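Trainee: What follows is run-v4.txt; its format and atoms are compact mmCIF, C-alpha atoms and all ligand atoms.
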```
# COMPACT_ATOMS: atom_id res chain seq x y z
CA SER A 8 0.00 0.00 0.00
CA ARG A 9 1.11 3.61 -0.53
CA GLN A 10 0.02 4.79 2.91
CA TRP A 11 2.77 5.98 5.30
CA ARG A 12 2.95 3.28 7.98
CA GLY A 13 4.04 5.27 11.04
CA VAL A 14 7.60 5.71 12.32
CA ILE A 15 8.04 2.23 13.83
CA ARG A 16 7.25 0.35 10.61
CA GLU A 17 9.02 2.91 8.39
CA TYR A 18 12.20 2.77 10.52
CA ALA A 19 11.92 -0.73 12.06
CA ASP A 20 15.58 -1.50 11.32
CA ARG A 21 16.68 1.56 13.32
CA LEU A 22 14.51 1.03 16.40
CA ASP A 23 14.45 -1.58 19.15
CA VAL A 24 11.54 -3.64 17.80
CA THR A 25 11.10 -7.19 16.47
CA ASP A 26 8.52 -8.96 14.30
CA ALA A 27 6.73 -9.87 17.54
CA THR A 28 6.44 -6.28 18.80
CA PRO A 29 2.75 -5.25 19.10
CA ILE A 30 2.99 -1.94 17.24
CA VAL A 31 0.62 0.82 18.39
CA THR A 32 0.46 3.49 15.68
CA LEU A 33 -1.78 6.27 14.44
CA GLY A 34 0.36 6.82 11.33
CA GLU A 35 2.61 9.44 12.94
CA GLY A 36 5.70 10.90 11.20
CA GLY A 37 6.21 11.49 7.50
CA THR A 38 5.54 15.18 8.16
CA PRO A 39 6.27 17.77 5.48
CA LEU A 40 9.58 19.61 5.31
CA ILE A 41 8.34 22.84 3.78
CA HIS A 42 10.65 25.13 1.84
CA ALA A 43 10.20 28.68 3.16
CA PRO A 44 11.21 31.37 0.64
CA ALA A 45 9.98 34.13 2.95
CA LEU A 46 12.27 33.00 5.78
CA SER A 47 15.10 32.41 3.31
CA ARG A 48 14.71 36.01 2.09
CA ARG A 49 14.66 37.34 5.63
CA THR A 50 17.78 35.43 6.69
CA GLY A 51 19.87 34.90 3.56
CA ALA A 52 19.88 31.18 4.28
CA ASP A 53 18.02 28.30 2.60
CA VAL A 54 15.29 27.62 5.15
CA TRP A 55 13.13 24.50 5.50
CA VAL A 56 10.35 24.13 8.07
CA LYS A 57 9.66 20.69 9.58
CA PHE A 58 5.95 20.97 10.38
CA GLU A 59 5.34 18.58 13.27
CA GLY A 60 1.82 19.92 13.79
CA MET A 61 0.90 17.51 10.97
CA ASN A 62 1.15 14.51 13.32
CA PRO A 63 -2.06 12.68 14.39
CA THR A 64 -2.55 14.62 17.65
CA GLY A 65 -0.97 17.78 16.26
CA SER A 66 2.52 17.64 17.76
CA PHE A 67 5.89 15.85 17.52
CA LYS A 68 5.06 13.95 20.70
CA ASP A 69 3.34 11.26 18.60
CA ARG A 70 6.70 10.04 17.24
CA GLY A 71 7.86 9.23 20.74
CA MET A 72 4.48 8.07 22.00
CA THR A 73 4.07 5.35 19.36
CA MET A 74 7.33 3.84 20.69
CA ALA A 75 6.59 4.47 24.38
CA ILE A 76 3.10 2.92 24.26
CA THR A 77 4.25 0.06 22.03
CA LYS A 78 7.06 -0.82 24.46
CA ALA A 79 4.74 -0.38 27.45
CA ILE A 80 2.35 -2.93 25.91
CA GLU A 81 5.29 -5.21 25.09
CA HIS A 82 6.23 -5.08 28.79
CA GLY A 83 2.64 -5.91 29.77
CA ALA A 84 1.68 -2.47 31.14
CA LYS A 85 -2.04 -1.85 31.70
CA ALA A 86 -1.66 1.85 32.50
CA VAL A 87 0.71 4.68 31.66
CA ILE A 88 1.35 8.00 33.38
CA CYS A 89 2.92 11.28 32.32
CA ALA A 90 3.43 14.85 33.40
CA SER A 91 2.64 17.34 30.69
CA THR A 92 2.29 20.93 29.58
CA GLY A 93 -0.43 19.61 27.25
CA ASN A 94 0.94 17.95 24.14
CA THR A 95 2.38 14.85 25.78
CA SER A 96 -0.91 14.33 27.62
CA ALA A 97 -2.92 14.63 24.40
CA SER A 98 -0.63 12.14 22.68
CA ALA A 99 -0.47 9.69 25.60
CA ALA A 100 -4.27 9.70 25.93
CA ALA A 101 -4.77 9.08 22.19
CA TYR A 102 -2.23 6.23 21.89
CA ALA A 103 -3.45 4.64 25.14
CA ALA A 104 -7.02 4.85 23.80
CA HIS A 105 -5.93 3.07 20.62
CA ALA A 106 -4.12 0.38 22.63
CA GLY A 107 -7.01 -0.03 25.08
CA ILE A 108 -5.04 0.88 28.22
CA ARG A 109 -5.38 3.69 30.76
CA ALA A 110 -3.45 6.96 30.60
CA ALA A 111 -3.13 9.12 33.70
CA VAL A 112 -1.99 12.62 32.84
CA LEU A 113 -0.80 15.24 35.32
CA VAL A 114 -0.94 18.85 34.14
CA PRO A 115 -0.27 22.18 35.84
CA GLU A 116 -3.60 23.67 36.92
CA GLY A 117 -4.88 26.38 34.59
CA LYS A 118 -1.67 26.43 32.54
CA ILE A 119 -2.36 24.27 29.51
CA ALA A 120 -4.01 25.35 26.27
CA MET A 121 -7.73 24.61 25.86
CA GLY A 122 -7.28 22.43 22.76
CA LYS A 123 -4.83 20.16 24.58
CA LEU A 124 -7.08 19.88 27.64
CA GLY A 125 -9.92 18.88 25.33
CA GLN A 126 -7.77 16.29 23.57
CA ALA A 127 -6.75 14.54 26.80
CA ILE A 128 -10.38 14.39 27.92
CA ILE A 129 -11.99 13.28 24.64
CA HIS A 130 -9.40 10.48 24.36
CA ARG A 131 -10.54 9.40 27.85
CA GLY A 132 -7.30 10.12 29.64
CA ASP A 133 -7.52 10.38 33.43
CA LEU A 134 -6.70 14.07 33.48
CA ILE A 135 -5.60 15.50 36.81
CA GLN A 136 -4.79 19.17 37.34
CA VAL A 137 -1.97 19.59 39.84
CA GLN A 138 -1.60 22.72 41.96
CA GLY A 139 1.96 23.22 40.82
CA ASN A 140 4.02 23.66 37.64
CA PHE A 141 5.27 21.09 35.10
CA ASP A 142 8.38 20.32 37.14
CA ASP A 143 6.16 19.40 40.13
CA CYS A 144 4.03 17.22 37.85
CA LEU A 145 7.13 15.37 36.60
CA ASP A 146 8.33 14.73 40.15
CA LEU A 147 4.89 13.26 40.95
CA ALA A 148 4.79 11.12 37.80
CA ARG A 149 8.25 9.71 38.55
CA GLU A 150 7.25 8.93 42.15
CA LEU A 151 3.97 7.28 41.14
CA SER A 152 5.62 5.14 38.43
CA ALA A 153 8.25 4.00 40.95
CA ASN A 154 5.65 2.90 43.51
CA TYR A 155 2.53 1.90 41.57
CA PRO A 156 1.80 -0.23 38.48
CA VAL A 157 1.87 2.69 36.02
CA HIS A 158 4.46 2.96 33.24
CA LEU A 159 6.13 6.38 32.81
CA VAL A 160 5.92 7.83 29.26
CA ASN A 161 7.68 11.16 29.70
CA SER A 162 10.85 11.74 27.67
CA VAL A 163 12.96 10.51 30.61
CA ASN A 164 11.78 7.19 29.12
CA ASN A 165 14.37 6.45 26.39
CA ASP A 166 11.69 4.91 24.13
CA ARG A 167 10.32 8.43 23.64
CA ILE A 168 13.68 9.79 22.48
CA GLU A 169 14.12 6.79 20.18
CA GLY A 170 10.82 7.47 18.43
CA GLN A 171 11.51 11.19 18.16
CA LYS A 172 14.94 10.70 16.54
CA THR A 173 13.11 9.62 13.35
CA ALA A 174 12.35 13.26 12.54
CA ALA A 175 16.06 13.80 11.83
CA PHE A 176 16.04 10.79 9.48
CA GLU A 177 13.19 12.39 7.53
CA VAL A 178 15.01 15.73 7.25
CA VAL A 179 18.13 13.99 5.89
CA GLU A 180 16.07 12.00 3.38
CA VAL A 181 14.54 15.17 1.94
CA LEU A 182 17.69 17.33 1.92
CA GLY A 183 20.07 14.54 0.89
CA ASP A 184 22.32 15.34 3.86
CA ALA A 185 22.01 16.92 7.28
CA PRO A 186 21.41 20.70 7.22
CA ASP A 187 24.14 23.10 8.37
CA PHE A 188 21.95 24.36 11.22
CA HIS A 189 18.96 22.92 13.04
CA PHE A 190 16.71 25.29 15.02
CA ILE A 191 14.31 23.88 17.60
CA PRO A 192 12.23 24.97 20.61
CA VAL A 193 13.40 23.61 23.97
CA GLY A 194 11.55 22.71 27.16
CA ASN A 195 12.86 19.49 28.69
CA ALA A 196 15.37 19.29 25.81
CA GLY A 197 14.17 15.79 24.98
CA ASN A 198 13.52 16.67 21.35
CA TYR A 199 16.82 18.53 21.01
CA THR A 200 18.51 15.37 22.30
CA ALA A 201 16.45 13.16 19.98
CA TYR A 202 17.33 15.08 16.80
CA THR A 203 21.01 15.05 17.74
CA ARG A 204 20.86 11.28 18.19
CA GLY A 205 19.05 10.87 14.87
CA TYR A 206 21.64 12.92 12.98
CA ARG A 207 24.50 11.03 14.64
CA GLU A 208 22.98 7.71 13.64
CA ASP A 209 22.57 8.98 10.09
CA ILE A 210 26.28 9.86 10.01
CA ALA A 211 27.15 6.37 11.29
CA ALA A 212 24.84 4.84 8.67
CA GLY A 213 26.47 6.85 5.88
CA ASN A 214 23.32 8.86 5.16
CA ALA A 215 24.72 12.19 6.36
CA THR A 216 28.19 13.73 6.33
CA LYS A 217 27.87 16.15 9.25
CA LEU A 218 26.14 16.99 12.51
CA PRO A 219 24.14 20.21 12.15
CA ARG A 220 24.87 23.01 14.59
CA MET A 221 22.01 22.42 17.04
CA PHE A 222 20.39 25.74 18.05
CA GLY A 223 17.76 25.44 20.81
CA PHE A 224 15.46 28.20 22.07
CA GLN A 225 13.65 28.63 25.36
CA ALA A 226 11.15 31.30 26.42
CA ALA A 227 12.92 34.13 28.25
CA GLY A 228 10.90 33.56 31.43
CA SER A 229 11.68 29.83 31.37
CA ALA A 230 15.28 29.61 30.20
CA PRO A 231 17.24 27.45 32.65
CA LEU A 232 19.65 26.15 29.98
CA VAL A 233 20.55 29.70 28.97
CA ARG A 234 20.87 30.91 32.55
CA GLY A 235 22.69 27.80 33.71
CA GLU A 236 20.41 27.30 36.71
CA VAL A 237 16.97 25.94 37.59
CA VAL A 238 14.17 28.51 37.20
CA LYS A 239 11.86 28.13 40.21
CA ASP A 240 8.77 29.90 38.85
CA PRO A 241 8.95 29.63 35.07
CA GLU A 242 6.60 31.96 33.16
CA THR A 243 5.73 32.40 29.49
CA ILE A 244 2.63 32.53 27.29
CA ALA A 245 4.24 29.61 25.43
CA THR A 246 2.84 27.19 28.02
CA ALA A 247 4.22 24.11 26.23
CA ILE A 248 7.75 25.14 27.22
CA ARG A 249 6.96 26.61 30.64
CA ILE A 250 9.61 24.39 32.25
CA GLY A 251 12.20 25.41 34.84
CA ASN A 252 14.19 22.19 35.33
CA PRO A 253 14.72 20.34 32.02
CA ALA A 254 14.75 16.54 32.35
CA SER A 255 17.38 16.09 29.61
CA TRP A 256 19.69 18.85 30.87
CA GLU A 257 23.00 16.90 30.76
CA LEU A 258 22.29 15.23 27.41
CA ALA A 259 21.40 18.61 25.92
CA LEU A 260 24.62 20.28 27.07
CA GLU A 261 26.64 17.41 25.62
CA ALA A 262 24.78 17.74 22.30
CA ARG A 263 25.26 21.50 22.21
CA ASP A 264 29.00 21.23 22.82
CA ALA A 265 29.49 18.38 20.35
CA SER A 266 27.64 20.23 17.57
CA ASP A 267 29.06 23.73 18.19
CA GLY A 268 25.46 24.53 19.11
CA TYR A 269 23.70 27.23 21.06
CA PHE A 270 20.88 27.88 23.52
CA GLY A 271 19.06 31.18 23.35
CA ALA A 272 16.17 32.89 25.14
CA ILE A 273 13.26 34.53 23.31
CA THR A 274 10.80 37.02 24.81
CA ASP A 275 7.07 36.26 24.56
CA GLU A 276 6.71 39.31 22.32
CA LYS A 277 9.27 37.95 19.84
CA ILE A 278 7.68 34.49 19.99
CA LEU A 279 4.30 35.93 18.97
CA GLU A 280 5.89 38.08 16.27
CA ALA A 281 7.58 34.99 14.78
CA GLN A 282 4.29 33.07 15.00
CA ARG A 283 2.60 35.78 12.90
CA ILE A 284 5.47 35.90 10.37
CA LEU A 285 5.36 32.11 9.91
CA ALA A 286 1.59 32.04 9.51
CA GLY A 287 1.36 35.20 7.40
CA GLU A 288 4.37 34.66 5.10
CA VAL A 289 4.90 30.90 4.98
CA GLY A 290 1.32 29.70 5.57
CA VAL A 291 2.17 27.51 8.57
CA PHE A 292 0.19 28.08 11.77
CA VAL A 293 1.94 26.87 14.92
CA GLU A 294 1.37 27.23 18.62
CA PRO A 295 3.47 29.88 20.41
CA ALA A 296 6.11 27.48 21.82
CA SER A 297 6.81 26.22 18.31
CA ALA A 298 7.51 29.73 17.05
CA ALA A 299 10.46 30.04 19.45
CA SER A 300 12.63 28.24 16.88
CA VAL A 301 11.59 30.65 14.12
CA ALA A 302 12.20 33.63 16.39
CA GLY A 303 15.58 32.16 17.24
CA LEU A 304 16.47 31.87 13.56
CA LEU A 305 15.47 35.48 12.84
CA GLU A 306 17.45 36.68 15.86
CA ARG A 307 20.59 34.67 15.05
CA ALA A 308 20.45 35.77 11.40
CA GLU A 309 20.19 39.37 12.57
CA ALA A 310 23.22 38.76 14.79
CA GLY A 311 25.18 37.67 11.70
CA VAL A 312 25.70 34.08 12.84
CA ILE A 313 24.13 32.37 9.81
CA PRO A 314 26.33 32.36 6.68
CA ALA A 315 24.60 33.27 3.39
CA GLY A 316 23.19 30.22 1.68
CA ALA A 317 23.51 27.93 4.69
CA THR A 318 20.98 25.12 4.78
CA VAL A 319 18.72 25.56 7.80
CA ALA A 320 16.06 23.20 9.14
CA VAL A 321 13.58 24.66 11.62
CA THR A 322 11.38 22.34 13.64
CA VAL A 323 7.97 23.73 14.54
CA THR A 324 6.63 21.35 17.13
CA GLY A 325 2.87 21.83 17.52
CA HIS A 326 -0.19 22.96 15.55
CA GLY A 327 -1.58 26.47 16.01
CA LEU A 328 -5.14 25.18 16.39
CA LYS A 329 -4.25 23.78 19.81
CA ASP A 330 -4.02 27.28 21.25
CA PRO A 331 -5.75 29.62 18.77
CA GLN A 332 -6.42 32.56 21.10
CA TRP A 333 -3.10 34.23 20.15
CA ALA A 334 -4.12 34.46 16.49
CA LEU A 335 -6.95 36.83 17.42
CA ARG A 336 -4.69 39.38 19.04
CA THR A 337 -2.71 42.25 17.50
CA ALA A 338 0.96 42.88 18.18
CA ASP A 339 0.02 45.45 20.84
CA GLY A 340 -2.21 42.95 22.64
CA SER A 341 -5.65 44.20 21.66
CA ASP A 342 -8.37 41.91 20.27
CA ILE A 343 -8.81 41.67 16.51
CA GLN A 344 -12.39 42.43 15.41
CA PRO A 345 -13.13 41.17 11.89
CA THR A 346 -15.12 43.71 9.84
CA VAL A 347 -18.89 43.12 9.52
CA VAL A 348 -20.79 44.11 6.35
CA PRO A 349 -24.38 43.79 5.10
CA VAL A 350 -25.14 41.29 2.28
CA ASP A 351 -23.92 43.71 -0.38
CA ALA A 352 -21.07 43.31 -2.93
CA ALA A 353 -20.34 47.03 -3.06
CA ALA A 354 -19.88 47.09 0.72
CA VAL A 355 -17.45 44.16 0.56
CA ALA A 356 -15.56 45.79 -2.32
CA GLU A 357 -15.28 49.00 -0.34
CA VAL A 358 -13.86 47.22 2.71
CA LEU A 359 -11.36 45.40 0.45
CA GLY A 360 -10.44 48.63 -1.33
CA LEU A 361 -11.39 47.17 -4.73
CA SER A 362 -12.46 49.38 -7.62
CA ALA A 363 -14.35 47.97 -10.59
N1 LIG B 1 7.19 22.47 21.62
C1 LIG B 1 6.01 21.99 22.04
C2 LIG B 1 4.79 22.34 21.27
C3 LIG B 1 5.96 21.16 23.19
O1 LIG B 1 4.79 20.68 23.60
C4 LIG B 1 7.15 20.88 23.88
C5 LIG B 1 7.13 20.06 25.08
C6 LIG B 1 8.34 21.41 23.38
C7 LIG B 1 8.33 22.19 22.25
C8 LIG B 1 9.64 21.15 24.03
O2 LIG B 1 10.10 19.84 23.82
O3 LIG B 1 10.46 19.21 26.16
O4 LIG B 1 11.45 17.88 24.29
O5 LIG B 1 12.32 20.15 24.84
N2 LIG B 1 6.07 19.69 25.65
C9 LIG B 1 6.02 18.75 26.77
C10 LIG B 1 4.58 18.33 27.02
C11 LIG B 1 6.72 19.20 27.97
O6 LIG B 1 4.24 17.95 28.14
O7 LIG B 1 3.78 18.35 26.08
P1 LIG B 1 11.15 19.23 24.84
```
Give the structure from this file in C-alpha cells form.
Ligand code: F0G
Mentor:
Amino acid sequence: SRQWRGVIREYADRLDVTDATPIVTLGEGGTPLIHAPALSRRTGADVWVKFEGMNPTGSFKDRGMTMAITKAIEHGAKAVICASTGNTSASAAAYAAHAGIRAAVLVPEGKIAMGKLGQAIIHRGDLIQVQGNFDDCLDLARELSANYPVHLVNSVNNDRIEGQKTAAFEVVEVLGDAPDFHFIPVGNAGNYTAYTRGYREDIAAGNATKLPRMFGFQAAGSAPLVRGEVVKDPETIATAIRIGNPASWELALEARDASDGYFGAITDEKILEAQRILAGEVGVFVEPASAASVAGLLERAEAGVIPAGATVAVTVTGHGLKDPQWALRTADGSDIQPTVVPVDAAAVAEVLGLSA
C-alpha cells in the first residue's frame, strides 16, 4: 500500500523492535519539510520548516508516543502515566485509547491550552490538574511510576527519544544530507537530544556527512539552559515550554558542545511576532512554543551568525489550532475584530479597497 505506515514500521531497522512487537500506531511521522522562501529572504539562508503539527494529535510527541506505548504494551503495562504541559498528555491519551489501556496525565492547573485539555479528555485520559508547575508534575509522575503499576511515558523514558529521533532521518532523506543548522524549541530538551541522536545515527549509517549546529530556544521567562540554573517559577505565554528544570539537561549540554550549538532565550513578544510571520508569510500556523525556533532563527540571522546560503532546518513542534487565542490578538495585545458588512457586494468591495 502507498500509505505511510508510522515511524516504527518505516524505521523498524533503526529502532528496538522485532517482528513480535505489538505496534501501536496512528500513522505518525512522515511530516512535510516545507521550503520557506519568505524566511530564506529574511535570513539569507536556505530555510526549511519541519511541520510537526501535521502529526495525528498535532505535535511531535506522537513520534515518541508510538514507541513508548508500544514498548509499554510489550512489557505488559495496563496503565501509563505522564506529566505534561499539554501535548504529551494529548498524545499519551490518544495512543493509550488506541491500545485499550489507561493513561493518567498530570498537568499544571490552569496552565495548559484549551485544545490540549480537550484532547486529553476526549481520548478518555484520566486528566488530573496539579496545583503546581510542570516540574512538580514530573516529580509526581516519577514517584507514582516508581511505587505503583503505572508505566512512565515522559521523555525521561528512552523509548520516547528513540521514536523522536526519526524526525532527523526524515530531514536527511529530503535534503540529501544533514542541514548546516537545526533550530528547535526547547523545554525538557528531549527533542533537542532526539534530533542530535538521529543525525549522529545517520552519520554512522552513511546517510549524512555532518552533525548540524544544534540551536535550541527557550522562552525568556523559562530559560534554565541559557541561565545555567533551575528557574523556580517559570513563566511564558508559550505554556508548552513553561519548564524550569529540564529533564534532559545533561544530554542537551553534551549535544550543544558536540555540535558547536547554542541555547538562546526569546521574549514572549518575539515568539508571537515569529508566529505571525510564519503564519502570514509561509502559511504555517503553529502554537506559540513552536515559534520560538523561528524567532531564534530570525534573531541569530540578525546577529550575523548564519552564513549566506547555509541550509537551515527549523522544527515547529505543535499545531496552532491547539491554542488559537493568540491568532486573534494584534501585536500590541488588543483583540482583533473582523469587519462586519451587510449582504452587499459594493460594501465588501469598499472594505477590500477594490475598484471595478
Ligand atoms: N514544543 C512543544 C509544542 C511542546 O509541547 C514541547 C514540550 C516542546 C516544544 C519542548 O520539547 O520538552 O522535548 O524540549 N512539551 C512537553 C509536554 C513538555 O508535556 O507536552 P522538549
Trainee: Give the residue list for ligand LIG 1 (chain B) at 7 Å, counting only C-alpha atoms and all ligand atoms, as a PDB file with C-alpha atoms, in the coordinates of the input, sorted by chain and then by residue number.
Mentor:
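The result, written out as part.pdb:
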```pdb
ATOM      1  CA  SER A  66       2.520  17.640  17.760  1.00  0.00           C
ATOM      2  CA  ALA A  90       3.430  14.850  33.400  1.00  0.00           C
ATOM      3  CA  SER A  91       2.640  17.340  30.690  1.00  0.00           C
ATOM      4  CA  THR A  92       2.290  20.930  29.580  1.00  0.00           C
ATOM      5  CA  GLY A  93      -0.430  19.610  27.250  1.00  0.00           C
ATOM      6  CA  ASN A  94       0.940  17.950  24.140  1.00  0.00           C
ATOM      7  CA  THR A  95       2.380  14.850  25.780  1.00  0.00           C
ATOM      8  CA  SER A  96      -0.910  14.330  27.620  1.00  0.00           C
ATOM      9  CA  PRO A 192      12.230  24.970  20.610  1.00  0.00           C
ATOM     10  CA  VAL A 193      13.400  23.610  23.970  1.00  0.00           C
ATOM     11  CA  GLY A 194      11.550  22.710  27.160  1.00  0.00           C
ATOM     12  CA  ASN A 195      12.860  19.490  28.690  1.00  0.00           C
ATOM     13  CA  ALA A 196      15.370  19.290  25.810  1.00  0.00           C
ATOM     14  CA  GLY A 197      14.170  15.790  24.980  1.00  0.00           C
ATOM     15  CA  ASN A 198      13.520  16.670  21.350  1.00  0.00           C
ATOM     16  CA  TYR A 199      16.820  18.530  21.010  1.00  0.00           C
ATOM     17  CA  ALA A 247       4.220  24.110  26.230  1.00  0.00           C
ATOM     18  CA  ILE A 248       7.750  25.140  27.220  1.00  0.00           C
ATOM     19  CA  GLU A 294       1.370  27.230  18.620  1.00  0.00           C
ATOM     20  CA  ALA A 296       6.110  27.480  21.820  1.00  0.00           C
ATOM     21  CA  SER A 297       6.810  26.220  18.310  1.00  0.00           C
ATOM     22  CA  THR A 324       6.630  21.350  17.130  1.00  0.00           C
ATOM     23  CA  GLY A 325       2.870  21.830  17.520  1.00  0.00           C
TER      24      GLY A 325
END
```
Trainee: So that I can see what lies close to Gly65 of chain A, please list as a compact mmCIF listing (two decimals) with C-alpha atoms, keeping the file's coordinate frame the residues with an atom at most 8 Å from it, counting all atoms listed in the file and leaving out residues fewer than 2 positions away in the same chain.
Mentor:
```
# COMPACT_ATOMS: atom_id res chain seq x y z
CA GLU A 59 5.34 18.58 13.27
CA GLY A 60 1.82 19.92 13.79
CA MET A 61 0.90 17.51 10.97
CA ASN A 62 1.15 14.51 13.32
CA PRO A 63 -2.06 12.68 14.39
CA PHE A 67 5.89 15.85 17.52
CA GLY A 325 2.87 21.83 17.52
CA HIS A 326 -0.19 22.96 15.55
CA LYS A 329 -4.25 23.78 19.81
```
Trainee: So the first atom is atom CA of Ala75 of chain A and the second is atom CA of Asn164 of chain A; what is the distance between them in Å, to one decimal place?
Mentor: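 If I compute the distance from atom CA of Ala75 of chain A to atom CA of Asn164 of chain A, I get 7.5 Å.
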Trainee: Identify, on the basis of all atoms listed in the file, every residue whose closest approach to segment 176-179 of chain A does not exceed 7 Å; exclude the query and any residue fewer than 4 positions from it along the same chain; express the result as JSON, numbers by chain.
Mentor: {"A": [40, 183, 184, 185, 205, 206, 209, 215]}
Trainee: Using Å and a single decimal, report how far atom CA of Thr25 of chain A sits from atom CA of Glu169 of chain A.
Mentor: 14.8 Å
Trainee: I need the residue nearest Arg21 of chain A from this list: A:Asn161, A:Gln225, A:Gln171, A:Thr322. Use all atoms listed in the file for the distance.
Mentor: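 Closest to Arg21 of chain A of all the choices is A:Gln171.
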Trainee: Taking 4 positions as the minimum chain separation for residues in the same chain, which residues sit within 9 Å of Gly303 of chain A when counting all atoms listed in the file? Answer as number ranges by chain.
Mentor: A: 190-192, 222-224, 271-273, 277-278, 281, 298-299, 307-308
Trainee: Hey, can you pull every residue with an atom no more than 12 Å from (2.1, 7.1, 7.9), using only C-alpha atoms, and send it as a ChimeraX atom specification?
Mentor: /A:8-18,32-39,61-63,69-70,73
Trainee: Of the candidates A:Met121, A:Ala111, A:Ala148, A:Met74, which one gets nearest to Ile168 of chain A if we count only C-alpha atoms?
Mentor: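 Closest to Ile168 of chain A, using only C-alpha atoms: A:Met74.
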Trainee: Find, counting all atoms listed in the file, the residue in A:Leu113, A:Val293, A:Ala212, A:Ala100 that gets nearest to Pro331 of chain A.
Mentor: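 The shortest atom-to-atom distance to Pro331 of chain A comes from A:Val293.
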Trainee: As an exercise, work out the distance from atom CA of Phe141 of chain A to atom CA of Pro115 of chain A in Å and give it to one decimal place.
Mentor: 5.7 Å
Trainee: Extract, using only C-alpha atoms, all DNA, RNA and protein residues at most 9 Å from Ala315 of chain A, discarding same-chain residues fewer than 5 positions from it, and format them as JSON, numbers by chain.
Mentor: {"A": [50, 51, 52, 53]}
Trainee: Here is a test: counting all atoms listed in the file, which residue of A:Leu22, A:Ile284, A:Ala353, A:Val321 is nearest to Thr173 of chain A?
Mentor: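 Between A:Leu22, A:Ile284, A:Ala353, A:Val321, the residue approaching Thr173 of chain A most closely is A:Leu22.
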Trainee: Between A:Ala104, A:Ala110, A:Val291, A:Met221, single out the one closest to Glu261 of chain A, counting all atoms listed in the file.
Mentor: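 Using all atoms listed in the file, the shortest distance to Glu261 of chain A belongs to A:Met221.
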Trainee: Using only C-alpha atoms, which of A:Val56, A:Leu134, A:Ala254, A:Met72 sits nearest Ile41 of chain A?
Mentor: A:Val56
Trainee: For Asp264 of chain A, work out the shell of residues within 12 Å, counting all atoms listed in the file and skipping chain neighbours fewer than 6 positions away, then give it as a PDB file with C-alpha atoms, keeping the file's coordinate frame.
Mentor:
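result.pdb, freshly written:
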```pdb
ATOM      1  CA  THR A 203      21.010  15.050  17.740  1.00  0.00           C
ATOM      2  CA  LEU A 218      26.140  16.990  12.510  1.00  0.00           C
ATOM      3  CA  PRO A 219      24.140  20.210  12.150  1.00  0.00           C
ATOM      4  CA  ARG A 220      24.870  23.010  14.590  1.00  0.00           C
ATOM      5  CA  MET A 221      22.010  22.420  17.040  1.00  0.00           C
ATOM      6  CA  PHE A 222      20.390  25.740  18.050  1.00  0.00           C
ATOM      7  CA  GLU A 257      23.000  16.900  30.760  1.00  0.00           C
ATOM      8  CA  LEU A 258      22.290  15.230  27.410  1.00  0.00           C
ATOM      9  CA  PHE A 270      20.880  27.880  23.520  1.00  0.00           C
TER      10      PHE A 270
END
```
